[in-house]
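Structure below is query-v4.txt: compact mmCIF, N, CA and C atoms.
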# COMPACT_ATOMS: atom_id res chain seq x y z
N MET A 1 87.39 247.22 143.96
CA MET A 1 87.71 246.82 145.33
C MET A 1 87.08 247.80 146.30
N LYS A 2 86.59 247.26 147.37
CA LYS A 2 85.97 248.08 148.38
C LYS A 2 87.07 248.71 149.25
N PRO A 3 87.06 250.00 149.44
CA PRO A 3 88.13 250.64 150.23
C PRO A 3 87.98 250.35 151.73
N GLY A 4 89.13 250.16 152.39
CA GLY A 4 89.13 250.02 153.85
C GLY A 4 89.02 248.60 154.38
N ILE A 5 88.76 247.61 153.53
CA ILE A 5 88.60 246.24 154.06
C ILE A 5 89.77 245.33 153.72
N HIS A 6 90.64 245.75 152.81
CA HIS A 6 91.76 244.91 152.39
C HIS A 6 93.01 245.24 153.19
N PRO A 7 93.81 244.19 153.55
CA PRO A 7 95.05 244.46 154.29
C PRO A 7 96.08 245.14 153.39
N LYS A 8 97.03 245.80 154.02
CA LYS A 8 98.06 246.51 153.29
C LYS A 8 99.04 245.51 152.68
N TYR A 9 99.28 245.61 151.38
CA TYR A 9 100.19 244.73 150.65
C TYR A 9 101.50 245.46 150.49
N GLN A 10 102.54 244.96 151.16
CA GLN A 10 103.80 245.69 151.23
C GLN A 10 104.97 244.80 150.84
N GLU A 11 106.10 245.42 150.53
CA GLU A 11 107.31 244.69 150.22
C GLU A 11 108.00 244.32 151.52
N VAL A 12 108.35 243.02 151.66
CA VAL A 12 109.00 242.54 152.88
C VAL A 12 110.23 241.72 152.51
N GLU A 13 111.08 241.48 153.50
CA GLU A 13 112.26 240.65 153.30
C GLU A 13 111.99 239.30 153.96
N ALA A 14 112.03 238.25 153.17
CA ALA A 14 111.80 236.90 153.69
C ALA A 14 113.13 236.29 154.10
N ARG A 15 113.17 235.66 155.29
CA ARG A 15 114.39 235.04 155.80
C ARG A 15 114.18 233.54 155.97
N CYS A 16 115.10 232.76 155.40
CA CYS A 16 115.04 231.31 155.51
C CYS A 16 115.92 230.86 156.67
N ALA A 17 115.68 229.66 157.17
CA ALA A 17 116.49 229.11 158.26
C ALA A 17 117.93 228.88 157.82
N CYS A 18 118.16 228.70 156.50
CA CYS A 18 119.53 228.49 156.00
C CYS A 18 120.32 229.79 155.93
N GLY A 19 119.64 230.93 156.11
CA GLY A 19 120.32 232.22 156.07
C GLY A 19 120.03 233.02 154.82
N ASN A 20 119.39 232.45 153.87
CA ASN A 20 119.07 233.13 152.62
C ASN A 20 117.98 234.18 152.87
N THR A 21 118.13 235.34 152.25
CA THR A 21 117.10 236.38 152.34
C THR A 21 116.76 236.85 150.93
N PHE A 22 115.50 237.21 150.73
CA PHE A 22 115.07 237.74 149.45
C PHE A 22 113.85 238.62 149.67
N LYS A 23 113.61 239.50 148.71
CA LYS A 23 112.49 240.44 148.79
C LYS A 23 111.28 239.84 148.09
N THR A 24 110.13 240.05 148.70
CA THR A 24 108.86 239.63 148.12
C THR A 24 107.77 240.56 148.65
N LYS A 25 106.55 240.33 148.26
CA LYS A 25 105.45 241.13 148.76
C LYS A 25 104.52 240.26 149.58
N SER A 26 103.99 240.83 150.66
CA SER A 26 103.11 240.09 151.55
C SER A 26 102.26 241.05 152.35
N THR A 27 101.21 240.50 152.97
CA THR A 27 100.38 241.30 153.86
C THR A 27 100.95 241.29 155.28
N LYS A 28 101.92 240.41 155.54
CA LYS A 28 102.58 240.37 156.85
C LYS A 28 103.79 241.29 156.84
N ASN A 29 104.23 241.70 158.03
CA ASN A 29 105.37 242.61 158.13
C ASN A 29 106.69 241.92 157.85
N GLU A 30 106.83 240.64 158.27
CA GLU A 30 108.06 239.89 158.03
C GLU A 30 107.72 238.41 157.83
N LEU A 31 108.56 237.74 157.05
CA LEU A 31 108.36 236.32 156.77
C LEU A 31 109.58 235.53 157.22
N HIS A 32 109.36 234.48 158.00
CA HIS A 32 110.42 233.56 158.42
C HIS A 32 110.08 232.19 157.84
N LEU A 33 110.98 231.67 157.01
CA LEU A 33 110.74 230.40 156.32
C LEU A 33 111.62 229.30 156.90
N GLU A 34 111.13 228.07 156.83
CA GLU A 34 111.93 226.93 157.26
C GLU A 34 112.81 226.42 156.13
N ILE A 35 112.32 226.52 154.91
CA ILE A 35 113.06 226.00 153.76
C ILE A 35 112.76 226.87 152.55
N CYS A 36 113.77 227.07 151.72
CA CYS A 36 113.60 227.90 150.52
C CYS A 36 114.18 227.17 149.32
N SER A 37 114.16 227.81 148.16
CA SER A 37 114.65 227.16 146.95
C SER A 37 116.17 226.97 146.97
N ASN A 38 116.89 227.71 147.81
CA ASN A 38 118.34 227.53 147.91
C ASN A 38 118.72 226.32 148.75
N CYS A 39 117.86 225.88 149.66
CA CYS A 39 118.22 224.75 150.51
C CYS A 39 117.31 223.54 150.34
N HIS A 40 116.27 223.64 149.51
CA HIS A 40 115.37 222.50 149.31
C HIS A 40 116.02 221.47 148.40
N PRO A 41 115.98 220.17 148.78
CA PRO A 41 116.64 219.13 147.99
C PRO A 41 116.14 219.02 146.55
N PHE A 42 114.89 219.32 146.30
CA PHE A 42 114.35 219.23 144.95
C PHE A 42 115.05 220.22 144.02
N PHE A 43 115.33 221.41 144.51
CA PHE A 43 115.93 222.44 143.68
C PHE A 43 117.45 222.36 143.66
N THR A 44 118.07 221.88 144.73
CA THR A 44 119.53 221.84 144.81
C THR A 44 120.11 220.55 144.27
N GLY A 45 119.34 219.47 144.29
CA GLY A 45 119.85 218.18 143.84
C GLY A 45 120.53 217.41 144.95
N ARG A 46 120.70 218.02 146.11
CA ARG A 46 121.29 217.33 147.26
C ARG A 46 120.16 216.77 148.10
N GLN A 47 120.40 215.61 148.65
CA GLN A 47 119.38 215.00 149.49
C GLN A 47 119.88 214.95 150.91
N LYS A 48 119.09 215.49 151.82
CA LYS A 48 119.43 215.46 153.23
C LYS A 48 118.56 214.40 153.88
N LEU A 49 119.18 213.36 154.39
CA LEU A 49 118.42 212.31 155.05
C LEU A 49 118.56 212.45 156.56
N ILE A 50 117.45 212.54 157.22
CA ILE A 50 117.46 212.56 158.67
C ILE A 50 117.17 211.14 159.11
N ASP A 51 118.19 210.48 159.62
CA ASP A 51 118.07 209.07 159.96
C ASP A 51 117.74 208.93 161.44
N THR A 52 116.63 208.29 161.72
CA THR A 52 116.27 208.02 163.09
C THR A 52 116.33 206.53 163.31
N GLU A 53 117.07 206.12 164.29
CA GLU A 53 117.20 204.72 164.70
C GLU A 53 117.78 203.84 163.61
N GLY A 54 118.63 204.39 162.73
CA GLY A 54 119.32 203.57 161.73
C GLY A 54 118.44 202.98 160.66
N ARG A 55 117.32 203.60 160.36
CA ARG A 55 116.38 203.03 159.39
C ARG A 55 116.96 203.04 157.98
N VAL A 56 117.65 204.12 157.62
CA VAL A 56 118.20 204.21 156.27
C VAL A 56 119.30 203.18 156.09
N GLU A 57 120.20 203.05 157.07
CA GLU A 57 121.26 202.05 156.97
C GLU A 57 120.69 200.65 156.90
N ARG A 58 119.67 200.39 157.70
CA ARG A 58 119.05 199.07 157.69
C ARG A 58 118.44 198.77 156.32
N PHE A 59 117.80 199.78 155.72
CA PHE A 59 117.20 199.59 154.40
C PHE A 59 118.26 199.33 153.35
N THR A 60 119.32 200.15 153.33
CA THR A 60 120.36 199.95 152.32
C THR A 60 121.12 198.66 152.54
N LYS A 61 121.26 198.25 153.78
CA LYS A 61 121.92 196.98 154.06
C LYS A 61 121.06 195.82 153.57
N ARG A 62 119.77 195.93 153.76
CA ARG A 62 118.86 194.86 153.39
C ARG A 62 118.65 194.79 151.88
N PHE A 63 118.41 195.94 151.24
CA PHE A 63 118.10 195.96 149.83
C PHE A 63 119.23 196.50 148.96
N GLY A 64 120.09 197.33 149.52
CA GLY A 64 121.20 197.88 148.78
C GLY A 64 120.73 198.79 147.66
N ALA A 65 121.69 199.24 146.90
CA ALA A 65 121.36 200.08 145.74
C ALA A 65 121.19 199.14 144.56
N GLN A 66 119.99 198.63 144.40
CA GLN A 66 119.72 197.64 143.36
C GLN A 66 119.12 198.30 142.14
N SER A 67 119.47 197.77 140.99
CA SER A 67 118.83 198.22 139.76
C SER A 67 117.65 197.29 139.49
N ALA A 68 116.89 197.61 138.49
CA ALA A 68 115.72 196.79 138.16
C ALA A 68 116.15 195.39 137.75
N GLU A 69 117.26 195.29 137.01
CA GLU A 69 117.75 193.99 136.56
C GLU A 69 118.15 193.11 137.73
N THR A 70 118.89 193.67 138.69
CA THR A 70 119.33 192.86 139.83
C THR A 70 118.16 192.45 140.71
N ARG A 71 117.15 193.31 140.80
CA ARG A 71 115.96 192.96 141.58
C ARG A 71 115.21 191.80 140.93
N ARG A 72 115.09 191.83 139.61
CA ARG A 72 114.41 190.73 138.90
C ARG A 72 115.17 189.42 139.09
N ALA A 73 116.50 189.49 138.96
CA ALA A 73 117.33 188.29 139.11
C ALA A 73 117.22 187.74 140.54
N ALA A 74 117.24 188.63 141.52
CA ALA A 74 117.12 188.20 142.91
C ALA A 74 115.75 187.59 143.17
N GLY A 75 114.72 188.15 142.58
CA GLY A 75 113.37 187.61 142.74
C GLY A 75 113.25 186.22 142.13
N LYS A 76 113.85 186.02 140.95
CA LYS A 76 113.82 184.70 140.31
C LYS A 76 114.58 183.68 141.14
N GLU A 77 115.73 184.08 141.69
CA GLU A 77 116.50 183.17 142.53
C GLU A 77 115.73 182.78 143.78
N ALA A 78 115.08 183.75 144.40
CA ALA A 78 114.31 183.48 145.61
C ALA A 78 113.14 182.55 145.29
N LYS A 79 112.50 182.76 144.15
CA LYS A 79 111.38 181.91 143.76
C LYS A 79 111.85 180.47 143.51
N ALA A 80 112.99 180.34 142.84
CA ALA A 80 113.52 179.01 142.54
C ALA A 80 113.93 178.30 143.83
N ALA A 81 114.53 179.03 144.77
CA ALA A 81 114.93 178.44 146.04
C ALA A 81 113.71 178.00 146.84
N LYS A 82 112.67 178.79 146.80
CA LYS A 82 111.45 178.45 147.53
C LYS A 82 110.79 177.22 146.93
N ALA A 83 110.78 177.14 145.59
CA ALA A 83 110.18 176.00 144.91
C ALA A 83 110.97 174.72 145.20
N ALA A 84 112.28 174.82 145.26
CA ALA A 84 113.12 173.65 145.53
C ALA A 84 112.98 173.20 146.98
N LYS A 85 112.76 174.14 147.86
CA LYS A 85 112.67 173.85 149.29
C LYS A 85 111.34 173.18 149.64
N ALA A 86 110.27 173.57 148.99
CA ALA A 86 108.94 173.04 149.30
C ALA A 86 108.83 171.61 148.79
N PRO A 87 108.37 170.67 149.63
CA PRO A 87 108.23 169.29 149.17
C PRO A 87 107.06 169.19 148.19
N LYS A 88 107.24 168.35 147.21
CA LYS A 88 106.18 168.17 146.23
C LYS A 88 105.17 167.19 146.80
N THR A 89 103.93 167.55 146.79
CA THR A 89 102.88 166.70 147.34
C THR A 89 102.40 165.74 146.26
N ALA A 90 102.02 164.57 146.69
CA ALA A 90 101.49 163.58 145.74
C ALA A 90 100.11 164.04 145.30
N ALA A 91 99.66 163.48 144.21
CA ALA A 91 98.34 163.83 143.70
C ALA A 91 97.31 163.50 144.77
N ALA A 92 96.36 164.35 144.93
CA ALA A 92 95.36 164.14 145.97
C ALA A 92 94.54 162.89 145.67
N ALA A 93 94.44 162.04 146.66
CA ALA A 93 93.67 160.80 146.50
C ALA A 93 92.20 161.14 146.50
N PRO A 94 91.40 160.45 145.70
CA PRO A 94 89.97 160.76 145.67
C PRO A 94 89.32 160.42 147.01
N LYS A 95 88.38 161.21 147.39
CA LYS A 95 87.68 160.99 148.66
C LYS A 95 86.72 159.81 148.51
N PRO A 96 86.62 158.99 149.55
CA PRO A 96 85.68 157.86 149.45
C PRO A 96 84.24 158.38 149.43
N ALA A 97 83.43 157.71 148.66
CA ALA A 97 82.03 158.11 148.53
C ALA A 97 81.29 157.77 149.82
N LYS A 98 80.33 158.60 150.18
CA LYS A 98 79.55 158.34 151.39
C LYS A 98 78.59 157.19 151.13
N ALA A 99 78.48 156.37 152.12
CA ALA A 99 77.55 155.26 151.99
C ALA A 99 76.14 155.75 152.25
N LYS A 100 75.24 155.35 151.39
CA LYS A 100 73.85 155.78 151.56
C LYS A 100 73.21 154.93 152.66
N THR A 101 72.51 155.58 153.51
CA THR A 101 71.77 154.88 154.55
C THR A 101 70.30 154.83 154.17
N GLN A 102 69.58 153.97 154.82
CA GLN A 102 68.16 153.82 154.49
C GLN A 102 67.37 155.06 154.89
N ALA A 103 67.85 155.79 155.90
CA ALA A 103 67.12 156.99 156.36
C ALA A 103 67.20 158.07 155.31
N ASN A 104 68.30 158.15 154.58
CA ASN A 104 68.46 159.18 153.55
C ASN A 104 67.78 158.79 152.25
N ALA A 105 67.56 157.53 152.03
CA ALA A 105 67.01 157.06 150.75
C ALA A 105 65.56 157.31 150.60
Rewrite the structure of this file - the entire thing - as structure tokens.
Amino acid sequence: MKPGIHPKYQEVEARCACGNTFKTKSTKNELHLEICSNCHPFFTGRQKLIDTEGRVERFTKRFGAQSAETRRAAGKEAKAAKAAKAPKTAAAAPKPAKAKTQANA
């Protein structure tokens, strides 16, 4: 390593927004974190939902807590209802043949 060009690597205390503090090493004098392993949902198992304009409630109301089986059953029911609702069309009648004119012949 070249002397004089590297920043000083020192032990600092990192502070999270949740209040957790721990020691680590950094080139900065102090570290302020927004989220740490004590408050992150992935590590804690708790999920914090920030709901804006009722989107989460609207989603759960619309879809609910469905399992794969109930989703398949609901999809089959919707398909059957749609098929019953749509009128069945008669077989397409053949198109009349164009009459040949003398100009085309």
Atomic separation - atom C of Phe59 of chain A relative to atom CA of Cys18 of chain A, Å: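 Rounded to one decimal, the two atoms are 29.3 Å apart.
One distance worth recording is that between atom N of Arg15 of chain A and atom C of Leu33 of chain A, which is 6.7 Å.
Nearest residue to Asn38 of chain A among A:Ala14, A:Lys79, A:Ser26, A:Asn20 is A:Asn20, counting only N, CA and C atoms.
Relative to atom CA of Leu31 of chain A, atom CA of Glu11 of chain A is found at 10.7 Å.
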Edge lengths and centre in Å to one decimal, as lines of an AutoDock Vina configuration file, of the axis-aligned box that encloses all listed atoms of segment 10-18 of chain A with 3 Å added on every side?
center_x = 111.4
center_y = 237.1
center_z = 154.2
size_x = 23.8
size_y = 23.2
size_z = 14.0
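Here the strand (DSSP E or B) residues in segment 2-66 of chain A, by DSSP on the backbone, are Gln10, Glu11, Val12, Glu13, Ala14, Arg15, Cys16, Thr21, Phe22, Lys23, Thr24, Lys25, Ser26, Leu31, His32 and Leu33 of chain A.
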Polymer residues at most 8 Å from Thr27 of chain A, only N, CA and C atoms, same-chain spacing of 2 or more positions, as a PyMOL selection string: chain A and resi 7-12+24-25+29-30
Option closest in space to Cys16 of chain A, from A:His40, A:Lys85, A:Lys76, A:His32 [counting all atoms listed in the file]: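 When distances to Cys16 of chain A are compared using all atoms listed in the file, the smallest one comes from A:His32.
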Nearest residue to Glu34 of chain A from the set A:Pro3, A:Ala17, A:Glu53, A:Phe22 (distances using only C-alpha atoms): A:Ala17
All alpha helix (DSSP H) positions in segment 3-68 of chain A, as a ChimeraX atom specification: /A:41-44,55-63,68
